[in-house]
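Chemist: Just target-v2.cif, nothing more (mmCIF, N, CA and C atoms):
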data_run
loop_
_atom_site.label_atom_id
_atom_site.label_comp_id
_atom_site.auth_asym_id
_atom_site.auth_seq_id
_atom_site.Cartn_x
_atom_site.Cartn_y
_atom_site.Cartn_z
N MET A 1 -25.96 -4.35 -27.24
CA MET A 1 -24.56 -4.01 -27.38
C MET A 1 -24.26 -2.66 -26.74
N ARG A 2 -25.15 -1.68 -26.97
CA ARG A 2 -24.95 -0.35 -26.37
C ARG A 2 -24.96 -0.43 -24.85
N MET A 3 -25.85 -1.27 -24.32
CA MET A 3 -25.95 -1.40 -22.87
C MET A 3 -24.65 -1.98 -22.30
N LEU A 4 -24.10 -2.99 -22.95
CA LEU A 4 -22.85 -3.60 -22.51
C LEU A 4 -21.71 -2.57 -22.55
N LEU A 5 -21.65 -1.80 -23.62
CA LEU A 5 -20.64 -0.76 -23.74
C LEU A 5 -20.80 0.29 -22.65
N ALA A 6 -22.03 0.70 -22.38
CA ALA A 6 -22.29 1.71 -21.36
C ALA A 6 -21.88 1.20 -19.97
N VAL A 7 -22.21 -0.04 -19.68
CA VAL A 7 -21.84 -0.62 -18.38
C VAL A 7 -20.33 -0.74 -18.27
N SER A 8 -19.67 -1.22 -19.32
CA SER A 8 -18.21 -1.35 -19.30
C SER A 8 -17.54 -0.01 -19.11
N LEU A 9 -18.02 1.01 -19.80
CA LEU A 9 -17.46 2.34 -19.68
C LEU A 9 -17.67 2.89 -18.27
N SER A 10 -18.85 2.66 -17.71
CA SER A 10 -19.12 3.13 -16.35
C SER A 10 -18.19 2.48 -15.34
N VAL A 11 -17.95 1.18 -15.49
CA VAL A 11 -17.05 0.48 -14.58
C VAL A 11 -15.64 1.05 -14.72
N ALA A 12 -15.19 1.29 -15.94
CA ALA A 12 -13.84 1.82 -16.16
C ALA A 12 -13.70 3.22 -15.56
N ILE A 13 -14.70 4.05 -15.74
CA ILE A 13 -14.62 5.43 -15.24
C ILE A 13 -14.62 5.47 -13.72
N TYR A 14 -15.41 4.62 -13.08
CA TYR A 14 -15.52 4.66 -11.62
C TYR A 14 -14.63 3.65 -10.92
N SER A 15 -13.78 2.98 -11.66
CA SER A 15 -12.85 2.02 -11.07
C SER A 15 -11.87 2.76 -10.18
N PRO A 16 -11.54 2.17 -9.00
CA PRO A 16 -10.58 2.81 -8.11
C PRO A 16 -9.23 3.10 -8.77
N ALA A 17 -8.84 2.29 -9.72
CA ALA A 17 -7.56 2.52 -10.40
C ALA A 17 -7.55 3.84 -11.14
N PHE A 18 -8.72 4.27 -11.61
CA PHE A 18 -8.81 5.53 -12.34
C PHE A 18 -9.10 6.71 -11.41
N ALA A 19 -9.63 6.43 -10.25
CA ALA A 19 -10.10 7.51 -9.38
C ALA A 19 -9.26 7.66 -8.11
N ALA A 20 -8.10 7.04 -8.05
CA ALA A 20 -7.30 7.10 -6.83
C ALA A 20 -6.98 8.55 -6.47
N ASP A 21 -7.20 8.89 -5.22
CA ASP A 21 -7.05 10.26 -4.75
C ASP A 21 -6.05 10.30 -3.58
N PRO A 22 -4.83 10.81 -3.82
CA PRO A 22 -3.84 10.87 -2.75
C PRO A 22 -4.30 11.65 -1.51
N ALA A 23 -5.11 12.69 -1.69
CA ALA A 23 -5.59 13.46 -0.54
C ALA A 23 -6.50 12.61 0.34
N SER A 24 -7.34 11.81 -0.29
CA SER A 24 -8.17 10.88 0.49
C SER A 24 -7.29 9.80 1.12
N GLY A 25 -6.26 9.38 0.39
CA GLY A 25 -5.33 8.39 0.92
C GLY A 25 -4.59 8.87 2.15
N GLU A 26 -4.32 10.17 2.21
CA GLU A 26 -3.68 10.73 3.40
C GLU A 26 -4.57 10.55 4.62
N LYS A 27 -5.87 10.71 4.43
CA LYS A 27 -6.82 10.50 5.54
C LYS A 27 -6.83 9.03 5.95
N VAL A 28 -6.79 8.13 4.98
CA VAL A 28 -6.75 6.69 5.28
C VAL A 28 -5.47 6.36 6.04
N PHE A 29 -4.37 7.00 5.67
CA PHE A 29 -3.07 6.72 6.29
C PHE A 29 -3.05 7.04 7.79
N LYS A 30 -3.94 7.88 8.25
CA LYS A 30 -3.94 8.23 9.68
C LYS A 30 -4.05 6.99 10.56
N VAL A 31 -4.76 5.97 10.09
CA VAL A 31 -4.85 4.71 10.83
C VAL A 31 -3.48 4.03 10.81
N CYS A 32 -2.81 4.06 9.67
CA CYS A 32 -1.50 3.42 9.50
C CYS A 32 -0.43 4.12 10.33
N ALA A 33 -0.60 5.43 10.53
CA ALA A 33 0.42 6.25 11.19
C ALA A 33 0.67 5.84 12.64
N ALA A 34 -0.20 5.04 13.21
CA ALA A 34 0.05 4.54 14.56
C ALA A 34 1.31 3.66 14.57
N CYS A 35 1.58 3.01 13.42
CA CYS A 35 2.70 2.07 13.35
C CYS A 35 3.72 2.39 12.26
N HIS A 36 3.36 3.24 11.30
CA HIS A 36 4.23 3.54 10.15
C HIS A 36 4.38 5.05 9.99
N ALA A 37 5.43 5.45 9.29
CA ALA A 37 5.66 6.87 9.02
C ALA A 37 6.09 7.05 7.57
N VAL A 38 5.81 8.23 7.03
CA VAL A 38 6.30 8.66 5.72
C VAL A 38 6.74 10.10 5.85
N GLY A 39 7.56 10.54 4.92
CA GLY A 39 8.01 11.93 4.92
C GLY A 39 9.50 12.01 5.22
N PRO A 40 10.05 13.22 5.11
CA PRO A 40 11.50 13.41 5.25
C PRO A 40 12.09 12.93 6.58
N ASN A 41 11.35 12.99 7.65
CA ASN A 41 11.88 12.59 8.96
C ASN A 41 11.31 11.25 9.43
N ALA A 42 10.78 10.46 8.53
CA ALA A 42 10.15 9.20 8.89
C ALA A 42 11.17 8.25 9.50
N LYS A 43 10.75 7.60 10.57
CA LYS A 43 11.58 6.60 11.24
C LYS A 43 10.74 5.34 11.44
N ASN A 44 11.43 4.22 11.62
CA ASN A 44 10.73 2.99 11.94
C ASN A 44 10.02 3.14 13.27
N LYS A 45 8.83 2.57 13.32
CA LYS A 45 8.06 2.53 14.56
C LYS A 45 7.80 1.05 14.85
N LEU A 46 6.59 0.71 15.20
CA LEU A 46 6.22 -0.69 15.35
C LEU A 46 6.35 -1.39 13.98
N GLY A 47 6.08 -0.63 12.91
CA GLY A 47 6.29 -1.09 11.54
C GLY A 47 7.36 -0.24 10.88
N PRO A 48 7.84 -0.67 9.71
CA PRO A 48 8.89 0.10 9.03
C PRO A 48 8.35 1.39 8.43
N GLU A 49 9.25 2.37 8.25
CA GLU A 49 8.85 3.58 7.52
C GLU A 49 8.51 3.16 6.09
N LEU A 50 7.63 3.91 5.44
CA LEU A 50 7.10 3.50 4.14
C LEU A 50 7.54 4.40 2.99
N ASN A 51 8.57 5.20 3.18
CA ASN A 51 9.06 6.03 2.07
C ASN A 51 9.53 5.15 0.92
N GLY A 52 9.08 5.46 -0.27
CA GLY A 52 9.51 4.72 -1.45
C GLY A 52 9.02 3.28 -1.48
N ILE A 53 7.95 2.98 -0.79
CA ILE A 53 7.46 1.60 -0.71
C ILE A 53 7.10 1.04 -2.10
N ALA A 54 6.53 1.85 -2.96
CA ALA A 54 6.15 1.37 -4.30
C ALA A 54 7.41 1.10 -5.11
N GLY A 55 7.61 -0.16 -5.47
CA GLY A 55 8.79 -0.55 -6.22
C GLY A 55 9.95 -1.03 -5.36
N ARG A 56 9.80 -0.93 -4.05
CA ARG A 56 10.87 -1.34 -3.14
C ARG A 56 10.82 -2.86 -2.91
N ALA A 57 11.96 -3.45 -2.67
CA ALA A 57 12.03 -4.87 -2.34
C ALA A 57 11.38 -5.12 -0.98
N TRP A 58 10.82 -6.30 -0.82
CA TRP A 58 10.28 -6.70 0.48
C TRP A 58 11.42 -6.71 1.50
N GLY A 59 11.11 -6.34 2.72
CA GLY A 59 12.07 -6.45 3.81
C GLY A 59 13.33 -5.62 3.65
N ALA A 60 13.23 -4.46 3.02
CA ALA A 60 14.43 -3.71 2.65
C ALA A 60 14.78 -2.52 3.55
N VAL A 61 13.96 -2.21 4.53
CA VAL A 61 14.26 -1.03 5.36
C VAL A 61 15.31 -1.39 6.41
N ALA A 62 16.41 -0.68 6.37
CA ALA A 62 17.50 -0.92 7.32
C ALA A 62 17.03 -0.68 8.75
N GLY A 63 17.47 -1.55 9.63
CA GLY A 63 17.17 -1.37 11.04
C GLY A 63 15.83 -1.91 11.47
N PHE A 64 15.04 -2.48 10.56
CA PHE A 64 13.75 -3.04 10.95
C PHE A 64 13.83 -4.55 10.93
N SER A 65 13.29 -5.17 11.95
CA SER A 65 13.29 -6.64 12.07
C SER A 65 12.01 -7.20 11.45
N TYR A 66 12.15 -7.75 10.24
CA TYR A 66 11.01 -8.28 9.51
C TYR A 66 10.69 -9.71 9.89
N SER A 67 9.46 -10.12 9.63
CA SER A 67 9.07 -11.52 9.79
C SER A 67 9.84 -12.35 8.77
N SER A 68 9.90 -13.63 9.00
CA SER A 68 10.68 -14.50 8.11
C SER A 68 10.16 -14.49 6.68
N ASP A 69 8.84 -14.44 6.49
CA ASP A 69 8.33 -14.46 5.11
C ASP A 69 8.64 -13.18 4.36
N LEU A 70 8.63 -12.04 5.02
CA LEU A 70 8.98 -10.79 4.34
C LEU A 70 10.49 -10.73 4.08
N ALA A 71 11.29 -11.23 5.00
CA ALA A 71 12.74 -11.28 4.79
C ALA A 71 13.08 -12.24 3.64
N GLU A 72 12.39 -13.37 3.60
CA GLU A 72 12.61 -14.33 2.50
C GLU A 72 12.16 -13.75 1.16
N GLY A 73 11.11 -12.93 1.20
CA GLY A 73 10.65 -12.27 -0.03
C GLY A 73 11.72 -11.38 -0.62
N LYS A 74 12.47 -10.70 0.23
CA LYS A 74 13.59 -9.87 -0.25
C LYS A 74 14.62 -10.75 -0.94
N THR A 75 14.98 -11.85 -0.30
CA THR A 75 15.98 -12.76 -0.85
C THR A 75 15.54 -13.33 -2.20
N SER A 76 14.23 -13.58 -2.34
CA SER A 76 13.73 -14.15 -3.60
C SER A 76 13.39 -13.09 -4.64
N GLY A 77 13.63 -11.81 -4.33
CA GLY A 77 13.45 -10.74 -5.31
C GLY A 77 12.05 -10.16 -5.39
N LYS A 78 11.21 -10.39 -4.38
CA LYS A 78 9.85 -9.83 -4.42
C LYS A 78 9.90 -8.32 -4.21
N VAL A 79 8.98 -7.64 -4.89
CA VAL A 79 8.92 -6.17 -4.87
C VAL A 79 7.49 -5.74 -4.55
N TRP A 80 7.37 -4.62 -3.87
CA TRP A 80 6.06 -4.05 -3.55
C TRP A 80 5.53 -3.28 -4.76
N ASP A 81 4.90 -3.98 -5.68
CA ASP A 81 4.23 -3.32 -6.80
C ASP A 81 2.80 -2.98 -6.37
N ASP A 82 2.06 -2.29 -7.22
CA ASP A 82 0.71 -1.87 -6.86
C ASP A 82 -0.19 -3.05 -6.50
N ALA A 83 -0.14 -4.11 -7.29
CA ALA A 83 -1.01 -5.26 -7.05
C ALA A 83 -0.68 -5.93 -5.72
N THR A 84 0.59 -6.07 -5.40
CA THR A 84 0.98 -6.70 -4.15
C THR A 84 0.63 -5.81 -2.96
N LEU A 85 0.87 -4.52 -3.09
CA LEU A 85 0.47 -3.59 -2.03
C LEU A 85 -1.03 -3.68 -1.78
N ASP A 86 -1.80 -3.71 -2.86
CA ASP A 86 -3.26 -3.78 -2.74
C ASP A 86 -3.67 -5.05 -1.99
N LYS A 87 -3.11 -6.17 -2.38
CA LYS A 87 -3.45 -7.45 -1.71
C LYS A 87 -3.02 -7.43 -0.25
N TYR A 88 -1.85 -6.88 0.02
CA TYR A 88 -1.34 -6.84 1.39
C TYR A 88 -2.19 -5.94 2.28
N ILE A 89 -2.54 -4.77 1.78
CA ILE A 89 -3.37 -3.85 2.57
C ILE A 89 -4.76 -4.45 2.79
N GLU A 90 -5.25 -5.17 1.81
CA GLU A 90 -6.57 -5.81 1.95
C GLU A 90 -6.55 -6.90 3.03
N ASN A 91 -5.48 -7.71 3.03
CA ASN A 91 -5.40 -8.82 3.98
C ASN A 91 -3.93 -9.19 4.17
N PRO A 92 -3.25 -8.55 5.11
CA PRO A 92 -1.81 -8.79 5.28
C PRO A 92 -1.44 -10.26 5.46
N LYS A 93 -2.22 -11.01 6.19
CA LYS A 93 -1.89 -12.41 6.47
C LYS A 93 -2.03 -13.29 5.23
N ALA A 94 -2.79 -12.87 4.24
CA ALA A 94 -2.90 -13.65 3.00
C ALA A 94 -1.62 -13.55 2.18
N VAL A 95 -0.91 -12.43 2.31
CA VAL A 95 0.34 -12.22 1.58
C VAL A 95 1.55 -12.68 2.40
N ALA A 96 1.53 -12.38 3.69
CA ALA A 96 2.64 -12.74 4.58
C ALA A 96 2.07 -13.40 5.83
N PRO A 97 1.79 -14.70 5.76
CA PRO A 97 1.15 -15.40 6.88
C PRO A 97 1.93 -15.31 8.20
N LYS A 98 3.24 -15.19 8.13
CA LYS A 98 4.06 -15.10 9.35
C LYS A 98 4.31 -13.66 9.75
N GLY A 99 3.70 -12.72 9.03
CA GLY A 99 3.92 -11.30 9.29
C GLY A 99 3.51 -10.88 10.68
N LYS A 100 4.14 -9.82 11.14
CA LYS A 100 3.90 -9.31 12.50
C LYS A 100 2.86 -8.19 12.54
N MET A 101 2.40 -7.74 11.37
CA MET A 101 1.50 -6.60 11.34
C MET A 101 0.14 -6.96 11.96
N PRO A 102 -0.22 -6.31 13.07
CA PRO A 102 -1.48 -6.64 13.75
C PRO A 102 -2.67 -5.86 13.16
N TYR A 103 -2.87 -5.98 11.88
CA TYR A 103 -3.92 -5.23 11.19
C TYR A 103 -4.74 -6.22 10.38
N ALA A 104 -6.04 -6.17 10.53
CA ALA A 104 -6.92 -7.13 9.86
C ALA A 104 -7.05 -6.86 8.36
N GLY A 105 -6.81 -5.64 7.94
CA GLY A 105 -6.90 -5.31 6.52
C GLY A 105 -7.98 -4.29 6.22
N LEU A 106 -7.90 -3.73 5.03
CA LEU A 106 -8.83 -2.72 4.56
C LEU A 106 -9.60 -3.31 3.39
N LYS A 107 -10.88 -3.54 3.57
CA LYS A 107 -11.69 -4.22 2.55
C LYS A 107 -12.13 -3.30 1.42
N ASP A 108 -12.21 -2.01 1.65
CA ASP A 108 -12.70 -1.04 0.66
C ASP A 108 -11.63 -0.80 -0.41
N ALA A 109 -11.90 -1.28 -1.64
CA ALA A 109 -10.94 -1.17 -2.74
C ALA A 109 -10.60 0.28 -3.08
N ALA A 110 -11.57 1.17 -3.03
CA ALA A 110 -11.32 2.58 -3.34
C ALA A 110 -10.38 3.21 -2.31
N LYS A 111 -10.58 2.89 -1.05
CA LYS A 111 -9.71 3.43 0.00
C LYS A 111 -8.30 2.87 -0.13
N ARG A 112 -8.19 1.59 -0.51
CA ARG A 112 -6.86 1.01 -0.74
C ARG A 112 -6.16 1.73 -1.88
N ALA A 113 -6.88 1.98 -2.97
CA ALA A 113 -6.29 2.68 -4.11
C ALA A 113 -5.85 4.09 -3.71
N ASP A 114 -6.67 4.77 -2.92
CA ASP A 114 -6.31 6.11 -2.44
C ASP A 114 -5.05 6.06 -1.57
N LEU A 115 -4.99 5.07 -0.68
CA LEU A 115 -3.83 4.93 0.20
C LEU A 115 -2.56 4.66 -0.61
N ILE A 116 -2.65 3.79 -1.59
CA ILE A 116 -1.49 3.49 -2.43
C ILE A 116 -1.06 4.73 -3.20
N ALA A 117 -2.02 5.49 -3.72
CA ALA A 117 -1.70 6.74 -4.43
C ALA A 117 -0.99 7.72 -3.50
N TYR A 118 -1.43 7.78 -2.25
CA TYR A 118 -0.78 8.65 -1.26
C TYR A 118 0.66 8.20 -1.01
N LEU A 119 0.85 6.91 -0.78
CA LEU A 119 2.19 6.39 -0.49
C LEU A 119 3.13 6.56 -1.68
N LYS A 120 2.62 6.44 -2.88
CA LYS A 120 3.45 6.55 -4.08
C LYS A 120 3.99 7.96 -4.30
N GLN A 121 3.47 8.93 -3.58
CA GLN A 121 3.97 10.31 -3.69
C GLN A 121 5.36 10.46 -3.08
N PHE A 122 5.75 9.54 -2.19
CA PHE A 122 6.99 9.69 -1.43
C PHE A 122 8.12 8.87 -2.05
N ASP A 123 9.25 9.54 -2.32
CA ASP A 123 10.42 8.82 -2.80
C ASP A 123 11.11 8.17 -1.60
N ALA A 124 12.21 7.50 -1.84
CA ALA A 124 12.91 6.76 -0.79
C ALA A 124 13.42 7.67 0.34
N SER A 125 13.62 8.96 0.04
CA SER A 125 14.06 9.92 1.06
C SER A 125 12.91 10.58 1.79
N GLY A 126 11.70 10.29 1.37
CA GLY A 126 10.53 10.87 2.02
C GLY A 126 10.07 12.17 1.42
N ASN A 127 10.70 12.57 0.31
CA ASN A 127 10.25 13.80 -0.37
C ASN A 127 9.11 13.46 -1.31
N LYS A 128 8.16 14.38 -1.41
CA LYS A 128 7.08 14.18 -2.37
C LYS A 128 7.61 14.37 -3.76
N LYS A 129 7.23 13.46 -4.64
CA LYS A 129 7.70 13.50 -6.04
C LYS A 129 7.02 14.62 -6.81
#
Have the structure of the file written as structure tokens, please.
Modeler:
Amino acid sequence: MRMLLAVSLSVAIYSPAFAADPASGEKVFKVCAACHAVGPNAKNKLGPELNGIAGRAWGAVAGFSYSSDLAEGKTSGKVWDDATLDKYIENPKAVAPKGKMPYAGLKDAAKRADLIAYLKQFDASGNKK
């Protein structure tokens, strides 16, 4: 019983959900920055700007031409919550098969958690919360 408790506690302590580091996420974002932007002066690039992405409706950035599945997601009320962001960053085509994002995905769960923590710092105007 003690061994099971110790293992469970170790998993909880070292789980990416508990250890997400926005500073490490900023480093991960450098790959994303080729196509996306965050911050007060963020503009759409090849991909939409990502200010306020956490909690935002799918396909909601004005002036960006989304794939049909992301646009339909907006119509059906889908929102970018942590779990959906995690799945999308891991494998974009699994979430949006018709999506235009030319990125194979990030398999490392800890890096995904760090990236999401970094993105969640930015409100819809690009200011850090």
Chemist: I'd like the neighbourhood of stretch 91-104 of chain A as a list of chain:residue names, where a residue qualifies if any of its atoms comes within 7 Å (using all atoms listed in the file), though same-chain residues fewer than 6 positions away should be ignored.
Modeler: A:Tyr66, A:Ser67, A:Ser68, A:Asp69, A:Leu70
Chemist: Next, dump the selected residues to file, keeping only N, CA and C atoms, as a JSON list (two decimals), in the coordinates of the input.
Modeler:
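Written output follows (part.json):
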[["chain", "number", "residue", "atom", "x", "y", "z"],
["A", 66, "TYR", "N", 12.15, -7.75, 10.24],
["A", 66, "TYR", "CA", 11.01, -8.28, 9.51],
["A", 66, "TYR", "C", 10.69, -9.71, 9.89],
["A", 67, "SER", "N", 9.46, -10.12, 9.63],
["A", 67, "SER", "CA", 9.07, -11.52, 9.79],
["A", 67, "SER", "C", 9.84, -12.35, 8.77],
["A", 68, "SER", "N", 9.90, -13.63, 9.00],
["A", 68, "SER", "CA", 10.68, -14.50, 8.11],
["A", 68, "SER", "C", 10.16, -14.49, 6.68],
["A", 69, "ASP", "N", 8.84, -14.44, 6.49],
["A", 69, "ASP", "CA", 8.33, -14.46, 5.11],
["A", 69, "ASP", "C", 8.64, -13.18, 4.36],
["A", 70, "LEU", "N", 8.63, -12.04, 5.02],
["A", 70, "LEU", "CA", 8.98, -10.79, 4.34],
["A", 70, "LEU", "C", 10.49, -10.73, 4.08]]
Chemist: Identify, on the basis of only C-alpha atoms, every residue whose closest approach to A:Asn51 does not exceed 10 Å; exclude the query and any residue fewer than 3 positions from it along the same chain; express the result as a PyMOL selection string.
Modeler: chain A and resi 36-43+48+54+56+61+119-128
Chemist: Within 5 Å of (-5.4, -4.0, 3.0) (coordinates as in the file), grab all the protein and nucleic acid residues, counting all atoms listed in the file, and write them out as a list in words.
Modeler: Tyr88, Ile89, Glu90, Asn91, Gly105 and Leu106 of chain A
Chemist: I'd like to know which of A:Leu85, A:Cys32, A:Val79, A:Ala113 is closest to A:Gly55, using all atoms listed in the file.
Modeler: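 Selected residue with least distance to A:Gly55: A:Val79.
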Chemist: Quick one: of A:Lys129, A:Lys45, A:Ala110, A:Lys87, who's nearest to A:Ser65, counting only C-alpha atoms?
Modeler: A:Lys45
